[in-house]
$ cat target-v9.cif   # mmCIF, C-alpha atoms and all ligand atoms
data_input
#
loop_
_atom_site.label_atom_id
_atom_site.label_comp_id
_atom_site.auth_asym_id
_atom_site.auth_seq_id
_atom_site.Cartn_x
_atom_site.Cartn_y
_atom_site.Cartn_z
CA MET W 1 6.80 -3.60 17.27
CA LEU W 2 3.72 -5.65 16.36
CA ASN W 3 1.75 -2.54 15.34
CA TYR W 4 4.44 -1.60 12.86
CA ILE W 5 4.60 -5.15 11.50
CA GLN W 6 0.82 -5.38 11.10
CA SER W 7 0.65 -1.95 9.53
CA ARG W 8 3.33 -2.81 6.95
CA TYR W 9 1.76 -6.15 6.04
CA THR W 10 -1.80 -4.78 5.92
CA LYS W 11 -0.54 -2.54 3.10
CA GLU W 12 1.41 -5.39 1.45
CA SER W 13 -1.60 -7.74 1.55
CA GLY W 14 -3.17 -5.92 -1.42
CA ASN W 15 0.03 -5.97 -3.51
CA SER W 16 1.45 -8.80 -5.56
CA CYS W 17 5.12 -8.17 -4.65
CA ASN W 18 7.13 -11.19 -3.57
CA LEU W 19 7.66 -11.26 0.22
CA SER W 20 9.48 -14.57 0.46
CA CYS W 21 13.16 -15.61 0.57
CA GLY W 22 12.47 -18.58 -1.77
CA SER W 23 10.30 -21.68 -1.62
CA ASN W 24 10.98 -24.41 0.92
CA LEU W 25 8.59 -27.03 -0.35
CA ASP W 26 11.03 -28.97 -2.55
CA PHE W 27 13.27 -29.59 0.47
CA LEU W 28 10.35 -30.62 2.68
CA LYS W 29 9.35 -33.61 0.52
CA ILE W 30 5.74 -33.65 1.67
CA THR W 31 3.96 -36.96 1.29
CA PRO W 32 0.19 -37.43 0.93
CA GLY W 33 -1.70 -37.41 4.22
CA GLU W 34 0.73 -35.18 6.13
CA ASN W 35 -0.22 -32.15 8.24
CA VAL W 36 1.86 -29.05 7.45
CA LEU W 37 2.05 -25.73 9.31
CA ASP W 38 3.17 -22.50 7.61
CA LEU W 39 4.34 -19.82 10.08
CA GLY W 40 3.71 -16.25 8.90
CA CYS W 41 1.86 -17.50 5.83
CA GLY W 42 1.21 -14.06 4.33
CA ARG W 43 -1.10 -14.37 1.31
CA GLY W 44 -1.00 -18.14 1.69
CA ASN W 45 0.70 -19.16 -1.56
CA GLU W 46 3.06 -21.71 0.01
CA THR W 47 0.36 -23.00 2.39
CA ILE W 48 -1.92 -23.70 -0.57
CA GLN W 49 0.88 -25.45 -2.46
CA ALA W 50 1.60 -27.54 0.65
CA ALA W 51 -2.10 -28.49 0.87
CA MET W 52 -2.00 -29.66 -2.75
CA LEU W 53 0.99 -31.88 -1.93
CA THR W 54 -0.62 -33.42 1.19
CA GLY W 55 -3.74 -34.21 -0.85
CA PRO W 56 -7.23 -34.31 0.67
CA GLU W 57 -6.18 -36.88 3.30
CA GLY W 58 -3.75 -34.36 4.77
CA LYS W 59 -3.97 -30.64 5.46
CA ALA W 60 -2.03 -27.39 5.58
CA VAL W 61 -2.57 -24.60 8.10
CA GLY W 62 -1.25 -21.07 7.73
CA ILE W 63 -0.94 -18.72 10.69
CA ASP W 64 -0.30 -14.98 10.45
CA ILE W 65 -0.51 -12.01 12.82
CA THR W 66 -1.98 -9.69 10.15
CA GLN W 67 -5.73 -10.08 9.63
CA ALA W 68 -5.56 -8.57 6.12
CA MET W 69 -3.09 -11.31 5.07
CA ILE W 70 -5.41 -14.00 6.48
CA ASP W 71 -8.35 -12.52 4.54
CA VAL W 72 -6.38 -12.52 1.26
CA ALA W 73 -5.09 -16.07 1.89
CA ARG W 74 -8.65 -17.36 2.47
CA LEU W 75 -9.85 -15.68 -0.73
CA ASN W 76 -6.95 -17.21 -2.68
CA ALA W 77 -7.83 -20.69 -1.38
CA GLN W 78 -11.50 -20.14 -2.22
CA GLU W 79 -10.67 -19.03 -5.76
CA ILE W 80 -8.55 -22.14 -6.31
CA GLY W 81 -11.28 -24.28 -4.75
CA ILE W 82 -9.05 -26.14 -2.31
CA SER W 83 -10.65 -27.25 0.95
CA ASN W 84 -7.86 -28.93 2.99
CA VAL W 85 -6.24 -25.60 3.89
CA TRP W 86 -6.98 -23.35 6.89
CA PHE W 87 -5.80 -19.84 7.72
CA ILE W 88 -5.73 -18.69 11.33
CA LYS W 89 -4.84 -15.33 12.84
CA GLY W 90 -2.26 -15.81 15.58
CA ASP W 91 1.22 -15.17 16.92
CA ILE W 92 4.05 -17.59 16.14
CA GLU W 93 5.38 -17.06 19.69
CA SER W 94 2.25 -18.73 21.09
CA LEU W 95 0.83 -21.30 18.70
CA PRO W 96 -2.84 -22.28 19.24
CA PHE W 97 -2.25 -25.99 18.50
CA ASP W 98 -1.90 -29.12 20.61
CA ASP W 99 1.48 -30.81 21.11
CA GLY W 100 2.46 -33.12 18.24
CA THR W 101 -0.11 -31.83 15.72
CA PHE W 102 2.09 -31.45 12.62
CA ASP W 103 4.44 -33.59 10.52
CA ALA W 104 6.22 -30.59 9.07
CA VAL W 105 6.63 -26.85 9.58
CA ILE W 106 7.62 -24.27 6.96
CA SER W 107 8.28 -20.57 7.34
CA ASN W 108 9.64 -18.05 4.93
CA CYS W 109 11.19 -14.76 6.05
CA VAL W 110 9.10 -14.40 9.23
CA ILE W 111 10.94 -15.37 12.45
CA ASN W 112 13.27 -12.36 12.14
CA HIS W 113 10.18 -10.30 13.09
CA ALA W 114 9.71 -12.19 16.39
CA LYS W 115 11.02 -10.69 19.63
CA ASN W 116 11.69 -14.07 21.22
CA LYS W 117 13.24 -16.48 18.70
CA ASN W 118 13.79 -19.12 21.43
CA LYS W 119 10.06 -19.11 22.15
CA VAL W 120 9.21 -19.51 18.46
CA TYR W 121 11.54 -22.52 18.06
CA SER W 122 10.26 -24.09 21.31
CA GLU W 123 6.73 -23.72 19.98
CA ILE W 124 7.71 -25.35 16.66
CA PHE W 125 9.29 -28.23 18.61
CA ARG W 126 6.14 -28.61 20.74
CA VAL W 127 3.62 -28.71 17.86
CA LEU W 128 5.70 -31.10 15.72
CA LYS W 129 5.16 -34.85 15.99
CA ASN W 130 8.18 -36.85 17.03
CA ARG W 131 10.45 -37.22 13.96
CA GLY W 132 8.69 -34.25 12.38
CA ARG W 133 10.82 -31.74 10.51
CA PHE W 134 10.99 -28.10 9.57
CA VAL W 135 12.46 -26.22 6.61
CA ILE W 136 12.73 -22.53 7.39
CA SER W 137 14.20 -19.57 5.49
CA ASP W 138 15.10 -16.41 7.31
CA ALA W 139 17.39 -13.39 7.49
CA VAL W 140 20.28 -13.38 9.98
CA THR W 141 23.22 -11.01 10.42
CA LYS W 142 26.98 -11.52 10.17
CA ASN W 143 27.58 -9.20 13.15
CA PRO W 144 25.27 -7.91 15.89
CA LEU W 145 23.20 -4.91 14.75
CA PRO W 146 23.74 -1.62 16.61
CA PRO W 147 21.14 -0.54 19.23
CA GLU W 148 19.71 2.22 17.02
CA VAL W 149 18.68 -0.42 14.45
CA LYS W 150 17.61 -3.03 17.02
CA ASN W 151 15.36 -0.46 18.73
CA ASP W 152 13.81 0.88 15.53
CA PRO W 153 10.32 -0.65 15.07
CA GLU W 154 10.26 0.38 11.41
CA ALA W 155 13.47 -1.62 10.83
CA TRP W 156 11.83 -4.67 12.50
CA ALA W 157 8.84 -4.34 10.21
CA GLN W 158 11.15 -4.14 7.18
CA CYS W 159 12.71 -7.60 7.87
CA PHE W 160 16.09 -6.49 9.20
CA GLY W 161 15.91 -4.76 12.62
CA GLY W 162 14.91 -7.99 14.37
CA ALA W 163 17.56 -10.16 12.73
CA VAL W 164 20.05 -11.81 15.11
CA THR W 165 23.46 -13.28 14.28
CA GLU W 166 23.63 -16.66 12.57
CA LYS W 167 25.12 -18.16 15.75
CA GLU W 168 22.34 -16.79 17.99
CA TYR W 169 19.75 -18.06 15.53
CA LEU W 170 21.22 -21.57 15.37
CA ASP W 171 21.53 -21.58 19.20
CA SER W 172 17.76 -21.00 19.45
CA ILE W 173 17.21 -24.07 17.28
CA THR W 174 19.67 -26.27 19.18
CA SER W 175 18.45 -25.21 22.62
CA SER W 176 14.85 -25.99 21.63
CA GLY W 177 15.90 -29.64 21.21
CA PHE W 178 16.18 -30.01 17.44
CA LYS W 179 18.62 -32.52 15.91
CA ASN W 180 20.11 -33.05 12.42
CA ILE W 181 20.35 -29.31 11.86
CA GLU W 182 21.43 -28.67 8.29
CA ILE W 183 21.92 -25.42 6.38
CA LEU W 184 20.48 -26.06 2.93
CA LYS W 185 21.09 -22.63 1.38
CA ARG W 186 23.09 -19.59 2.43
CA ARG W 187 23.39 -16.28 0.57
CA GLU W 188 25.13 -13.16 1.86
CA TYR W 189 23.80 -9.68 1.05
CA VAL W 190 24.03 -6.08 2.23
CA LYS W 191 21.01 -4.11 3.42
CA ASN W 192 21.21 -0.51 4.65
CA GLY W 193 24.98 -0.92 4.94
CA TYR W 194 24.79 -4.04 7.18
CA ASN W 195 25.88 -7.57 6.24
CA PHE W 196 23.03 -10.09 6.25
CA ILE W 197 22.68 -13.76 5.33
CA SER W 198 19.61 -15.40 3.90
CA ILE W 199 19.62 -18.95 5.23
CA THR W 200 17.43 -21.98 4.72
CA ILE W 201 17.65 -24.50 7.55
CA MET W 202 16.26 -27.99 8.00
CA ALA W 203 16.10 -29.89 11.31
CA THR W 204 14.14 -32.69 12.94
CA LYS W 205 12.44 -33.30 16.27
CA GLN W 206 14.01 -36.48 17.58
CA LYS W 207 12.86 -37.63 21.01
CA TYR W 208 13.30 -41.06 22.57
CA ASP W 209 10.10 -42.97 21.97
CA GLY W 210 11.25 -46.54 22.52
CA CYS W 211 13.47 -46.57 19.42
CA PHE W 212 17.19 -46.09 20.17
CA GLU W 213 18.17 -46.40 16.49
CA CYS W 214 15.92 -43.46 15.68
CA LEU W 215 18.06 -41.22 17.87
CA LEU W 216 21.23 -41.98 15.90
C1 LIG W 301 7.95 -11.29 4.73
S1 LIG W 301 6.28 -11.75 4.97
C2 LIG W 301 6.37 -13.43 4.41
C3 LIG W 301 5.02 -14.01 4.00
C4 LIG W 301 5.08 -15.41 3.41
N1 LIG W 301 5.73 -16.34 4.31
C5 LIG W 301 5.77 -15.41 2.06
O1 LIG W 301 6.84 -16.04 1.95
O2 LIG W 301 5.24 -14.80 1.12
C6 LIG W 301 6.15 -11.95 6.76
C7 LIG W 301 4.78 -12.36 7.27
O3 LIG W 301 4.92 -12.73 8.65
C8 LIG W 301 3.83 -12.23 9.40
N2 LIG W 301 4.27 -12.10 10.80
C9 LIG W 301 5.19 -11.26 11.33
N3 LIG W 301 5.33 -11.45 12.64
C10 LIG W 301 4.48 -12.46 12.99
C11 LIG W 301 4.16 -13.11 14.22
N4 LIG W 301 4.75 -12.77 15.38
N5 LIG W 301 3.24 -14.09 14.20
C12 LIG W 301 2.62 -14.45 13.02
N6 LIG W 301 2.88 -13.86 11.83
C13 LIG W 301 3.81 -12.88 11.81
C14 LIG W 301 3.47 -10.91 8.70
O4 LIG W 301 2.18 -10.50 8.98
C15 LIG W 301 3.71 -11.25 7.23
O5 LIG W 301 2.56 -11.73 6.61
#

$ encode --input "target-v9.cif" --output "structure tokens" --more "lines below"
Ligand SMILES: C[S@@+](CC[C@H](N)C(=O)[O-])C[C@H]1O[C@@H](n2cnc3c(N)ncnc32)[C@H](O)[C@@H]1O
Amino acid sequence: MLNYIQSRYTKESGNSCNLSCGSNLDFLKITPGENVLDLGCGRGNETIQAAMLTGPEGKAVGIDITQAMIDVARLNAQEIGISNVWFIKGDIESLPFDDGTFDAVISNCVINHAKNKNKVYSEIFRVLKNRGRFVISDAVTKNPLPPEVKNDPEAWAQCFGGAVTEKEYLDSITSSGFKNIEILKRREYVKNGYNFISITIMATKQKYDGCFECLL
């Protein structure tokens, strides 16, 4: 699967077509000094915008599995002249960051590509600080996709073969430990004859840290 995904996005890295399902930054309400992680950052546009919102006392980090996307993202940051942004090649199923590194996580139309959605959400939970939050947009299905689509690597690379049902997707978030799960946007659409939903979800990491009120 990964080869197909990297091959598709290596080609897309040189284009200017929009690859996102809409910006998440307004919902995230970034404050100066925060550390933000962008999963599957692509050409880095949202990561750079996040870095501008954190200001120089904070930072934004973008991670992507496709080297060509990382190269373009770094060039974009250089051209803008922003220095509190980093782009790292890596897999969202195994994040190369310490526990509790980030205040907020964003991701836009990426996790549908991952084989193990539970692993991705557990990793997000791990790298967030306590009371950290995420705002994530993704594609999910209304009904389970048939095996011929689920087993088609080209369909995974095209942002639909790897999509799971809305219930399965939300279960991954709940079972990873997230609280206050809220669907901020939801739009139904049809792709290749199948019913999909574009959803934007917000949730927080809420662990007991001596403050009972904070768990409410
Ligand atoms: C649809 S594009 C979205 C890019 C960007 N978030 C945006 O909104 O423009 C999906 C991106 O996710 C990356 N990606 C796919 N699977 C990944 C994985 N397992 N780990 C890290 N990045 C991944 C791809 O390389 C690609 O750049």

$ closest_atom_pairs --input "target-v9.cif" --of "chain W" --to "ligand LIG 301 (chain W)" --cutoff "6 Å" --atoms "all atoms listed in the file" --output "CSV"
residue,atom,partner,partner_atom,distance
W:Gln6,CA,W:LIG301,O4,5.7
W:Tyr9,CA,W:LIG301,O4,5.3
W:Leu19,CA,W:LIG301,O2,4.4
W:Ser20,CA,W:LIG301,O1,3.4
W:Gly40,CA,W:LIG301,O3,3.7
W:Cys41,CA,W:LIG301,N1,4.3
W:Gly42,CA,W:LIG301,O5,3.5
W:Asp64,CA,W:LIG301,N6,3.6
W:Ile65,CA,W:LIG301,C12,4.0
W:Thr66,CA,W:LIG301,O4,4.4
W:Met69,CA,W:LIG301,O5,5.9
W:Gly90,CA,W:LIG301,C12,5.7
W:Asp91,CA,W:LIG301,N5,3.6
W:Ile92,CA,W:LIG301,N5,4.1
W:Ser107,CA,W:LIG301,N1,5.8
W:Asn108,CA,W:LIG301,N1,4.3
W:Cys109,CA,W:LIG301,C1,4.9
W:Val110,CA,W:LIG301,O3,4.5
W:His113,CA,W:LIG301,N3,5.0
W:Ala114,CA,W:LIG301,N4,5.1

$ closest_residue --input "target-v9.cif" --among "W:Phe212, W:Asn112, W:Val36, W:Val135" --to "W:Gly22" --atoms "all atoms listed in the file"
W:Val135

$ atom_distance --input "target-v9.cif" --atom1 "atom CA of W:Tyr169" --atom2 "atom CA of W:Gln67"
27.3 Å

$ atom_distance --input "target-v9.cif" --atom1 "atom CA of W:Tyr4" --atom2 "atom CA of W:Ile111"
15.2 Å

$ atom_distance --input "target-v9.cif" --atom1 "atom CA of W:Pro32" --atom2 "atom CA of W:Leu53"
6.3 Å

$ closest_residue --input "target-v9.cif" --among "W:Glu93, W:Asp209, W:Asp98, W:Asp71" --to "W:Asn130" --atoms "all atoms listed in the file"
W:Asp209

$ closest_residue --input "target-v9.cif" --among "W:Val190, W:Ala163, W:Ala155, W:Ile197" --to "W:Leu2" --atoms "only C-alpha atoms"
W:Ala155

$ residues_around --input "target-v9.cif" --residues "W:Asn151" --least-positions-apart "4" --cutoff "12 Å" --atoms "all atoms listed in the file" --output "PyMOL selection string"
chain W and resi 1+115+145-147+155-157+160-163

$ residues_around --input "target-v9.cif" --residues "W:Trp86" --least-positions-apart "2" --cutoff "7 Å" --atoms "all atoms listed in the file" --output "short mmCIF file (atom, residue, chain, number, x, y, z; two decimals) with C-alpha atoms, in the coordinates of the input"
data_model
loop_
_atom_site.label_atom_id
_atom_site.label_comp_id
_atom_site.auth_asym_id
_atom_site.auth_seq_id
_atom_site.Cartn_x
_atom_site.Cartn_y
_atom_site.Cartn_z
CA ALA W 60 -2.03 -27.39 5.58
CA VAL W 61 -2.57 -24.60 8.10
CA GLY W 62 -1.25 -21.07 7.73
CA ASN W 84 -7.86 -28.93 2.99
CA ILE W 88 -5.73 -18.69 11.33
#

$ residues_around --input "target-v9.cif" --residues "W:Glu123" --least-positions-apart "6" --cutoff "10 Å" --atoms "all atoms listed in the file" --output "number ranges by chain"
W: 92-97, 99, 117, 176

$ residues_around --input "target-v9.cif" --residues "W:Gly58" --least-positions-apart "3" --cutoff "8 Å" --atoms "only C-alpha atoms" --output "list of chain:residue names"
W:Pro32, W:Gly33, W:Glu34, W:Asn35, W:Ala51, W:Thr54, W:Gly55, W:Asn84

$ build_atoms --input "target-v9.cif" --residues "stretch 6-21 of chain W" --atoms "N, CA and C atoms" --output "compact mmCIF listing (two decimals), in the coordinates of the input"
# COMPACT_ATOMS: atom_id res chain seq x y z
N GLN W 6 2.18 -5.21 11.65
CA GLN W 6 0.82 -5.38 11.10
C GLN W 6 0.48 -4.27 10.11
N SER W 7 0.94 -3.07 10.42
CA SER W 7 0.65 -1.95 9.53
C SER W 7 1.34 -2.15 8.17
N ARG W 8 2.62 -2.56 8.23
CA ARG W 8 3.33 -2.81 6.95
C ARG W 8 2.61 -3.89 6.14
N TYR W 9 2.29 -5.01 6.80
CA TYR W 9 1.76 -6.15 6.04
C TYR W 9 0.28 -5.98 5.66
N THR W 10 -0.43 -5.09 6.36
CA THR W 10 -1.80 -4.78 5.92
C THR W 10 -1.70 -4.12 4.55
N LYS W 11 -0.73 -3.20 4.41
CA LYS W 11 -0.54 -2.54 3.10
C LYS W 11 -0.09 -3.55 2.05
N GLU W 12 0.85 -4.43 2.42
CA GLU W 12 1.41 -5.39 1.45
C GLU W 12 0.37 -6.45 1.03
N SER W 13 -0.65 -6.66 1.85
CA SER W 13 -1.60 -7.74 1.55
C SER W 13 -2.30 -7.52 0.21
N GLY W 14 -2.48 -6.24 -0.17
CA GLY W 14 -3.17 -5.92 -1.42
C GLY W 14 -2.24 -5.87 -2.62
N ASN W 15 -0.93 -6.01 -2.39
CA ASN W 15 0.03 -5.97 -3.51
C ASN W 15 0.35 -7.39 -3.97
N SER W 16 1.07 -7.45 -5.11
CA SER W 16 1.45 -8.80 -5.56
C SER W 16 2.97 -9.00 -5.42
N CYS W 17 3.66 -8.05 -4.75
CA CYS W 17 5.12 -8.17 -4.65
C CYS W 17 5.51 -9.42 -3.85
N ASN W 18 6.66 -9.96 -4.22
CA ASN W 18 7.13 -11.19 -3.57
C ASN W 18 7.69 -10.86 -2.18
N LEU W 19 7.20 -11.53 -1.14
CA LEU W 19 7.66 -11.26 0.22
C LEU W 19 8.54 -12.38 0.76
N SER W 20 8.81 -13.39 -0.07
CA SER W 20 9.48 -14.57 0.46
C SER W 20 10.98 -14.56 0.16
N CYS W 21 11.72 -15.44 0.87
CA CYS W 21 13.16 -15.61 0.57
C CYS W 21 13.36 -16.88 -0.25
